[in-house]
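One structure is given here, and the rest of the page talks about it.
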Amino acid sequence: MQDLKQRSALVTGASAGIGRAIATRLSQAGAHVVLAARRKERLEALQAELPGSEVMQLDVRDRKGVEAALSGRKFDIAVLNAGMARGVAAIQDGKLEDWDEMLDTNVRGLLAVLRTVLPGMLERESGDLLLLGSVAGRQVYPGGNIYCATKHAVRAIYEALRLDAGGKGVRFTTIDPGIVETEFSEVRFSGDREAAAAVYSDLRSLQPGDVADAALFALTRPAHVNIGEIVLWPTDQGSTRDVHRGRA
Ligand code: NDP
Ligand code: 8X3
């Protein structure tokens with residue numbers, strides 16, 4: 001088992017949900033964690049709970065800002081988690097600005113961070129690059145269209161990493177969860193709390209800590225073991241379209 005003590009870890013999207021949970025577990029395991037996201041106050045509040053952690057205010061869509069913040073930094077672990085969905089309109093009714101926001105965050109933003117941190121890992125011949133994909137990167141569902149496209153892109157990027165950058169001591173992992181109860185739906189429904197709550201209502205959803213458990217399992221395997229793809233469903237979700245409510 002690998003010890004995470006003294007390892008440096010970048011977590012994007014650490015101000016909420018899954019990223020917050022992974023950052024917390026990493027810090028509790030002794031890693032020096034850089035907490036990156038846009039909402040600085042949230043990050044500072046988390047930093048106060050996690051001794052030795054560092055706040056990095058960062059919008060992953062700001063390519064120059066990403067390069068300025070991350071160039072020259074050494075990370076043993078990078079968790080590329082920042083992501084979002086906007087809307088559930090049918091593709092023929094979709095708003096271009098919503099599509100841009102998802103593509104800019106989930107694909108271009110992820111790539112900007114990846115391109116900055118990966119070369120150092122390859123030079124050092126060690127490191128862990130962990131991507132937050134989704135079951136939406138494996139199955140499309142009605143109204144999911146462009147969000148699903150961004151997560152299919154994350155899956156393709158994961159596969160490309162294995163082919164292009166494999167064999168150099170760096171491990172690549174994608175964690176693809178089903179429904180996790182976070183602020184994700186509140187963002188997707190632009191602050192409509194009722195619509196967001198309905199997604200998780202009467203359902204035993206995954207919790208952010210469940211995803212963090214999976215991440216920590218992958219990151220603590222011996223160096224020769226690369227847990228590549230982790231698909232994590234709520235027991236009561238059969239597919240992106242089959243959600244079994246009423247057992248909560
Ligand atoms: P949350 O909305 O709870 O958290 C999203 C995080 O991403 C926040 O910390 C937010 O921080 C950050 N973020 C969003 N946009 C940006 C940006 N432009 N720059 C930097 N940080 C950003 O959602 P989740 O925790 O659920 O989502 C985390 C990841 O997990 C996403 O990639 C999502 O697609 C994926 N996922 C989620 C599932 C779910 O059901 N919840 C299931 C499968 C995958 P801030 O706003 O402060 O910048
Ligand atoms: C988030 C999970 O099923 O809402 O990736 O797309 S889902």
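Starting from 1 in every chain, residues are counted up; chains themselves are A, B, ... following the order of the structure tokens, and ligands are numbered from 1 as listed.
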Closest-contact table, chain A side, partner ligand 2, 7 Å, counting only C-alpha atoms and all ligand atoms, as CSV:
residue,atom,partner,partner_atom_place_in_ligand_line,distance
A:Ser134,CA,ligand 2,5 (O),4.6
A:Val135,CA,ligand 2,5 (O),6.2
A:Ala136,CA,ligand 2,6 (O),4.7
A:Gly144,CA,ligand 2,6 (O),6.6
A:Cys148,CA,ligand 2,6 (O),6.8
A:Pro177,CA,ligand 2,2 (C),6.7
A:Gly178,CA,ligand 2,2 (C),5.0
A:Ile179,CA,ligand 2,2 (C),4.8
A:Val180,CA,ligand 2,2 (C),6.9
A:Thr240,CA,ligand 2,3 (O),5.2
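Around Ala48 (chain A), within 12 Å and counting only C-alpha atoms, the residues found are Thr24, Ser27, Leu35, Glu41, Arg42, Glu54 and Val55 of chain A, once anything fewer than 6 positions away on its own chain is removed.
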Serialized selection, all heavy atoms, as a PDB file, in the first residue's frame:
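result38.pdb was written with the following content:
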ATOM      1  N   THR A  24     -10.428  16.282   1.497  1.00  0.00           N
ATOM      2  CA  THR A  24     -10.443  16.027   2.942  1.00  0.00           C
ATOM      3  C   THR A  24      -9.771  14.698   3.258  1.00  0.00           C
ATOM      4  O   THR A  24      -8.914  14.600   4.141  1.00  0.00           O
ATOM      5  CB  THR A  24     -11.905  16.037   3.455  1.00  0.00           C
ATOM      6  OG1 THR A  24     -12.471  17.310   3.147  1.00  0.00           O
ATOM      7  CG2 THR A  24     -11.977  15.773   4.942  1.00  0.00           C
ATOM      8  N   SER A  27      -6.012  14.897   2.736  1.00  0.00           N
ATOM      9  CA  SER A  27      -5.364  15.642   3.821  1.00  0.00           C
ATOM     10  C   SER A  27      -5.311  14.788   5.087  1.00  0.00           C
ATOM     11  O   SER A  27      -4.280  14.735   5.775  1.00  0.00           O
ATOM     12  CB  SER A  27      -6.134  16.944   4.064  1.00  0.00           C
ATOM     13  OG  SER A  27      -5.571  17.638   5.131  1.00  0.00           O
ATOM     14  N   LEU A  35      -6.089  23.222  -2.541  1.00  0.00           N
ATOM     15  CA  LEU A  35      -7.543  23.266  -2.729  1.00  0.00           C
ATOM     16  C   LEU A  35      -7.844  24.323  -3.793  1.00  0.00           C
ATOM     17  O   LEU A  35      -7.707  25.518  -3.546  1.00  0.00           O
ATOM     18  CB  LEU A  35      -8.231  23.671  -1.418  1.00  0.00           C
ATOM     19  CG  LEU A  35      -7.821  22.886  -0.162  1.00  0.00           C
ATOM     20  CD1 LEU A  35      -8.297  23.596   1.097  1.00  0.00           C
ATOM     21  CD2 LEU A  35      -8.384  21.466  -0.238  1.00  0.00           C
ATOM     22  N   GLU A  41     -13.835  31.880  -0.354  1.00  0.00           N
ATOM     23  CA  GLU A  41     -14.284  31.774   1.052  1.00  0.00           C
ATOM     24  C   GLU A  41     -14.527  30.319   1.427  1.00  0.00           C
ATOM     25  O   GLU A  41     -14.206  29.875   2.528  1.00  0.00           O
ATOM     26  CB  GLU A  41     -15.584  32.565   1.329  1.00  0.00           C
ATOM     27  CG  GLU A  41     -15.830  33.796   0.474  1.00  0.00           C
ATOM     28  CD  GLU A  41     -16.191  33.438  -0.974  1.00  0.00           C
ATOM     29  OE1 GLU A  41     -17.192  32.733  -1.194  1.00  0.00           O
ATOM     30  OE2 GLU A  41     -15.452  33.869  -1.886  1.00  0.00           O
ATOM     31  N   ARG A  42     -15.143  29.588   0.515  1.00  0.00           N
ATOM     32  CA  ARG A  42     -15.380  28.158   0.756  1.00  0.00           C
ATOM     33  C   ARG A  42     -14.056  27.430   0.978  1.00  0.00           C
ATOM     34  O   ARG A  42     -13.931  26.573   1.843  1.00  0.00           O
ATOM     35  CB  ARG A  42     -16.053  27.523  -0.463  1.00  0.00           C
ATOM     36  CG  ARG A  42     -17.469  27.931  -0.695  1.00  0.00           C
ATOM     37  CD  ARG A  42     -18.361  26.985   0.106  1.00  0.00           C
ATOM     38  NE  ARG A  42     -19.708  27.052  -0.404  1.00  0.00           N
ATOM     39  CZ  ARG A  42     -20.340  26.037  -0.974  1.00  0.00           C
ATOM     40  NH1 ARG A  42     -19.755  24.875  -1.130  1.00  0.00           N
ATOM     41  NH2 ARG A  42     -21.573  26.164  -1.379  1.00  0.00           N
ATOM     42  N   GLU A  54      -3.588  24.210   1.283  1.00  0.00           N
ATOM     43  CA  GLU A  54      -3.313  25.513   0.669  1.00  0.00           C
ATOM     44  C   GLU A  54      -4.491  25.887  -0.226  1.00  0.00           C
ATOM     45  O   GLU A  54      -5.049  25.023  -0.905  1.00  0.00           O
ATOM     46  CB  GLU A  54      -2.024  25.340  -0.163  1.00  0.00           C
ATOM     47  CG  GLU A  54      -1.564  26.542  -0.901  1.00  0.00           C
ATOM     48  CD  GLU A  54      -0.364  26.207  -1.813  1.00  0.00           C
ATOM     49  OE1 GLU A  54       0.419  25.267  -1.508  1.00  0.00           O
ATOM     50  OE2 GLU A  54      -0.237  26.874  -2.856  1.00  0.00           O
ATOM     51  N   VAL A  55      -4.825  27.160  -0.226  1.00  0.00           N
ATOM     52  CA  VAL A  55      -5.935  27.635  -1.061  1.00  0.00           C
ATOM     53  C   VAL A  55      -5.399  28.164  -2.389  1.00  0.00           C
ATOM     54  O   VAL A  55      -4.425  28.899  -2.417  1.00  0.00           O
ATOM     55  CB  VAL A  55      -6.709  28.758  -0.329  1.00  0.00           C
ATOM     56  CG1 VAL A  55      -7.639  29.498  -1.283  1.00  0.00           C
ATOM     57  CG2 VAL A  55      -7.491  28.179   0.846  1.00  0.00           C
TER      58      VAL A  55
END
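Taking only C-alpha atoms, the non-local environment of Arg155 (chain A) within 7 Å (same-chain residues fewer than 4 positions away omitted) comprises Gly133, Gly137, Lys151 and Glu159 of chain A.
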Counting only C-alpha atoms and all ligand atoms, what are the residues of chain A within 6 Å of ligand 1, and for each of them which pair of atoms is the nearest and at what distance in Å, to one decimal? Sort the table by chain and rising number, as JSON lines.
{"residue": "A:Thr12", "atom": "CA", "partner": "ligand 1", "partner_atom_place_in_ligand_line": "21 (N)", "distance": 5.9}
{"residue": "A:Gly13", "atom": "CA", "partner": "ligand 1", "partner_atom_place_in_ligand_line": "9 (O)", "distance": 3.3}
{"residue": "A:Ala14", "atom": "CA", "partner": "ligand 1", "partner_atom_place_in_ligand_line": "9 (O)", "distance": 4.6}
{"residue": "A:Ser15", "atom": "CA", "partner": "ligand 1", "partner_atom_place_in_ligand_line": "9 (O)", "distance": 3.8}
{"residue": "A:Ala16", "atom": "CA", "partner": "ligand 1", "partner_atom_place_in_ligand_line": "9 (O)", "distance": 4.1}
{"residue": "A:Gly17", "atom": "CA", "partner": "ligand 1", "partner_atom_place_in_ligand_line": "25 (O)", "distance": 3.5}
{"residue": "A:Ile18", "atom": "CA", "partner": "ligand 1", "partner_atom_place_in_ligand_line": "25 (O)", "distance": 3.8}
{"residue": "A:Gly19", "atom": "CA", "partner": "ligand 1", "partner_atom_place_in_ligand_line": "25 (O)", "distance": 5.7}
{"residue": "A:Ala37", "atom": "CA", "partner": "ligand 1", "partner_atom_place_in_ligand_line": "21 (N)", "distance": 3.9}
{"residue": "A:Arg38", "atom": "CA", "partner": "ligand 1", "partner_atom_place_in_ligand_line": "48 (O)", "distance": 3.5}
{"residue": "A:Arg39", "atom": "CA", "partner": "ligand 1", "partner_atom_place_in_ligand_line": "47 (O)", "distance": 3.7}
{"residue": "A:Leu58", "atom": "CA", "partner": "ligand 1", "partner_atom_place_in_ligand_line": "20 (C)", "distance": 5.5}
{"residue": "A:Asp59", "atom": "CA", "partner": "ligand 1", "partner_atom_place_in_ligand_line": "19 (N)", "distance": 3.5}
{"residue": "A:Val60", "atom": "CA", "partner": "ligand 1", "partner_atom_place_in_ligand_line": "19 (N)", "distance": 4.0}
{"residue": "A:Arg61", "atom": "CA", "partner": "ligand 1", "partner_atom_place_in_ligand_line": "18 (N)", "distance": 5.2}
{"residue": "A:Asn81", "atom": "CA", "partner": "ligand 1", "partner_atom_place_in_ligand_line": "32 (O)", "distance": 4.7}
{"residue": "A:Ala82", "atom": "CA", "partner": "ligand 1", "partner_atom_place_in_ligand_line": "7 (O)", "distance": 3.6}
{"residue": "A:Gly83", "atom": "CA", "partner": "ligand 1", "partner_atom_place_in_ligand_line": "32 (O)", "distance": 3.4}
{"residue": "A:Met84", "atom": "CA", "partner": "ligand 1", "partner_atom_place_in_ligand_line": "34 (O)", "distance": 5.0}
{"residue": "A:Thr105", "atom": "CA", "partner": "ligand 1", "partner_atom_place_in_ligand_line": "18 (N)", "distance": 5.2}
{"residue": "A:Leu132", "atom": "CA", "partner": "ligand 1", "partner_atom_place_in_ligand_line": "32 (O)", "distance": 5.2}
{"residue": "A:Gly133", "atom": "CA", "partner": "ligand 1", "partner_atom_place_in_ligand_line": "44 (C)", "distance": 5.5}
{"residue": "A:Ser134", "atom": "CA", "partner": "ligand 1", "partner_atom_place_in_ligand_line": "43 (C)", "distance": 4.0}
{"residue": "A:Asp176", "atom": "CA", "partner": "ligand 1", "partner_atom_place_in_ligand_line": "43 (C)", "distance": 5.9}
{"residue": "A:Pro177", "atom": "CA", "partner": "ligand 1", "partner_atom_place_in_ligand_line": "43 (C)", "distance": 4.3}
{"residue": "A:Gly178", "atom": "CA", "partner": "ligand 1", "partner_atom_place_in_ligand_line": "42 (C)", "distance": 4.9}
{"residue": "A:Ile179", "atom": "CA", "partner": "ligand 1", "partner_atom_place_in_ligand_line": "40 (O)", "distance": 3.7}
{"residue": "A:Val180", "atom": "CA", "partner": "ligand 1", "partner_atom_place_in_ligand_line": "40 (O)", "distance": 3.7}
{"residue": "A:Glu181", "atom": "CA", "partner": "ligand 1", "partner_atom_place_in_ligand_line": "41 (N)", "distance": 5.6}
{"residue": "A:Thr182", "atom": "CA", "partner": "ligand 1", "partner_atom_place_in_ligand_line": "3 (O)", "distance": 4.3}
{"residue": "A:Glu183", "atom": "CA", "partner": "ligand 1", "partner_atom_place_in_ligand_line": "3 (O)", "distance": 3.7}
{"residue": "A:Phe184", "atom": "CA", "partner": "ligand 1", "partner_atom_place_in_ligand_line": "2 (O)", "distance": 3.7}
In region 41-160 of chain A, DSSP strand (DSSP E or B) residues written as an mmCIF file with N, CA and C atoms, in the first residue's frame:
data_model
loop_
_atom_site.group_PDB
_atom_site.id
_atom_site.type_symbol
_atom_site.label_atom_id
_atom_site.label_comp_id
_atom_site.auth_asym_id
_atom_site.auth_seq_id
_atom_site.Cartn_x
_atom_site.Cartn_y
_atom_site.Cartn_z
ATOM 1 N N GLU A 54 -3.588 24.210 1.283
ATOM 2 C CA GLU A 54 -3.313 25.513 0.669
ATOM 3 C C GLU A 54 -4.491 25.887 -0.226
ATOM 4 N N VAL A 55 -4.825 27.160 -0.226
ATOM 5 C CA VAL A 55 -5.935 27.635 -1.061
ATOM 6 C C VAL A 55 -5.399 28.164 -2.389
ATOM 7 N N MET A 56 -6.038 27.766 -3.471
ATOM 8 C CA MET A 56 -5.668 28.307 -4.790
ATOM 9 C C MET A 56 -6.957 28.722 -5.507
ATOM 10 N N GLN A 57 -7.207 30.011 -5.566
ATOM 11 C CA GLN A 57 -8.415 30.465 -6.261
ATOM 12 C C GLN A 57 -8.167 30.341 -7.767
ATOM 13 N N ILE A 77 0.034 14.048 -7.032
ATOM 14 C CA ILE A 77 -1.345 13.622 -7.334
ATOM 15 C C ILE A 77 -2.095 14.816 -7.889
ATOM 16 N N ALA A 78 -2.834 14.621 -8.979
ATOM 17 C CA ALA A 78 -3.719 15.692 -9.468
ATOM 18 C C ALA A 78 -5.106 15.087 -9.686
ATOM 19 N N VAL A 79 -6.076 15.639 -8.995
ATOM 20 C CA VAL A 79 -7.460 15.165 -9.112
ATOM 21 C C VAL A 79 -8.219 16.204 -9.937
ATOM 22 N N LEU A 80 -8.516 15.856 -11.189
ATOM 23 C CA LEU A 80 -9.175 16.799 -12.098
ATOM 24 C C LEU A 80 -10.678 16.556 -11.995
ATOM 25 N N GLY A 127 3.569 9.633 -10.487
ATOM 26 C CA GLY A 127 2.443 10.552 -10.283
ATOM 27 C C GLY A 127 1.129 9.841 -10.530
ATOM 28 N N ASP A 128 0.078 10.480 -10.046
ATOM 29 C CA ASP A 128 -1.280 9.960 -10.241
ATOM 30 C C ASP A 128 -2.148 11.057 -10.810
ATOM 31 N N LEU A 129 -2.745 10.788 -11.951
ATOM 32 C CA LEU A 129 -3.691 11.722 -12.554
ATOM 33 C C LEU A 129 -5.056 11.060 -12.493
ATOM 34 N N LEU A 130 -5.926 11.663 -11.692
ATOM 35 C CA LEU A 130 -7.244 11.055 -11.467
ATOM 36 C C LEU A 130 -8.317 11.966 -12.058
ATOM 37 N N LEU A 131 -9.088 11.443 -12.980
ATOM 38 C CA LEU A 131 -10.114 12.245 -13.658
ATOM 39 C C LEU A 131 -11.486 11.907 -13.090
ATOM 40 N N LEU A 132 -12.332 12.931 -12.935
ATOM 41 C CA LEU A 132 -13.725 12.665 -12.582
ATOM 42 C C LEU A 132 -14.527 12.609 -13.866
#
**Q.** Spatial neighbours of Asp62 (chain A), 12 Å, only C-alpha atoms, chain gap at least 5 places, as a VMD selection string
**A.** chain A and resid 37 to 38 57 67 to 69 104 to 105 108 to 113
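The interatomic distance for the pair CA of Ala248 (chain A) and CA of Arg204 (chain A) works out to 5.2 Å.
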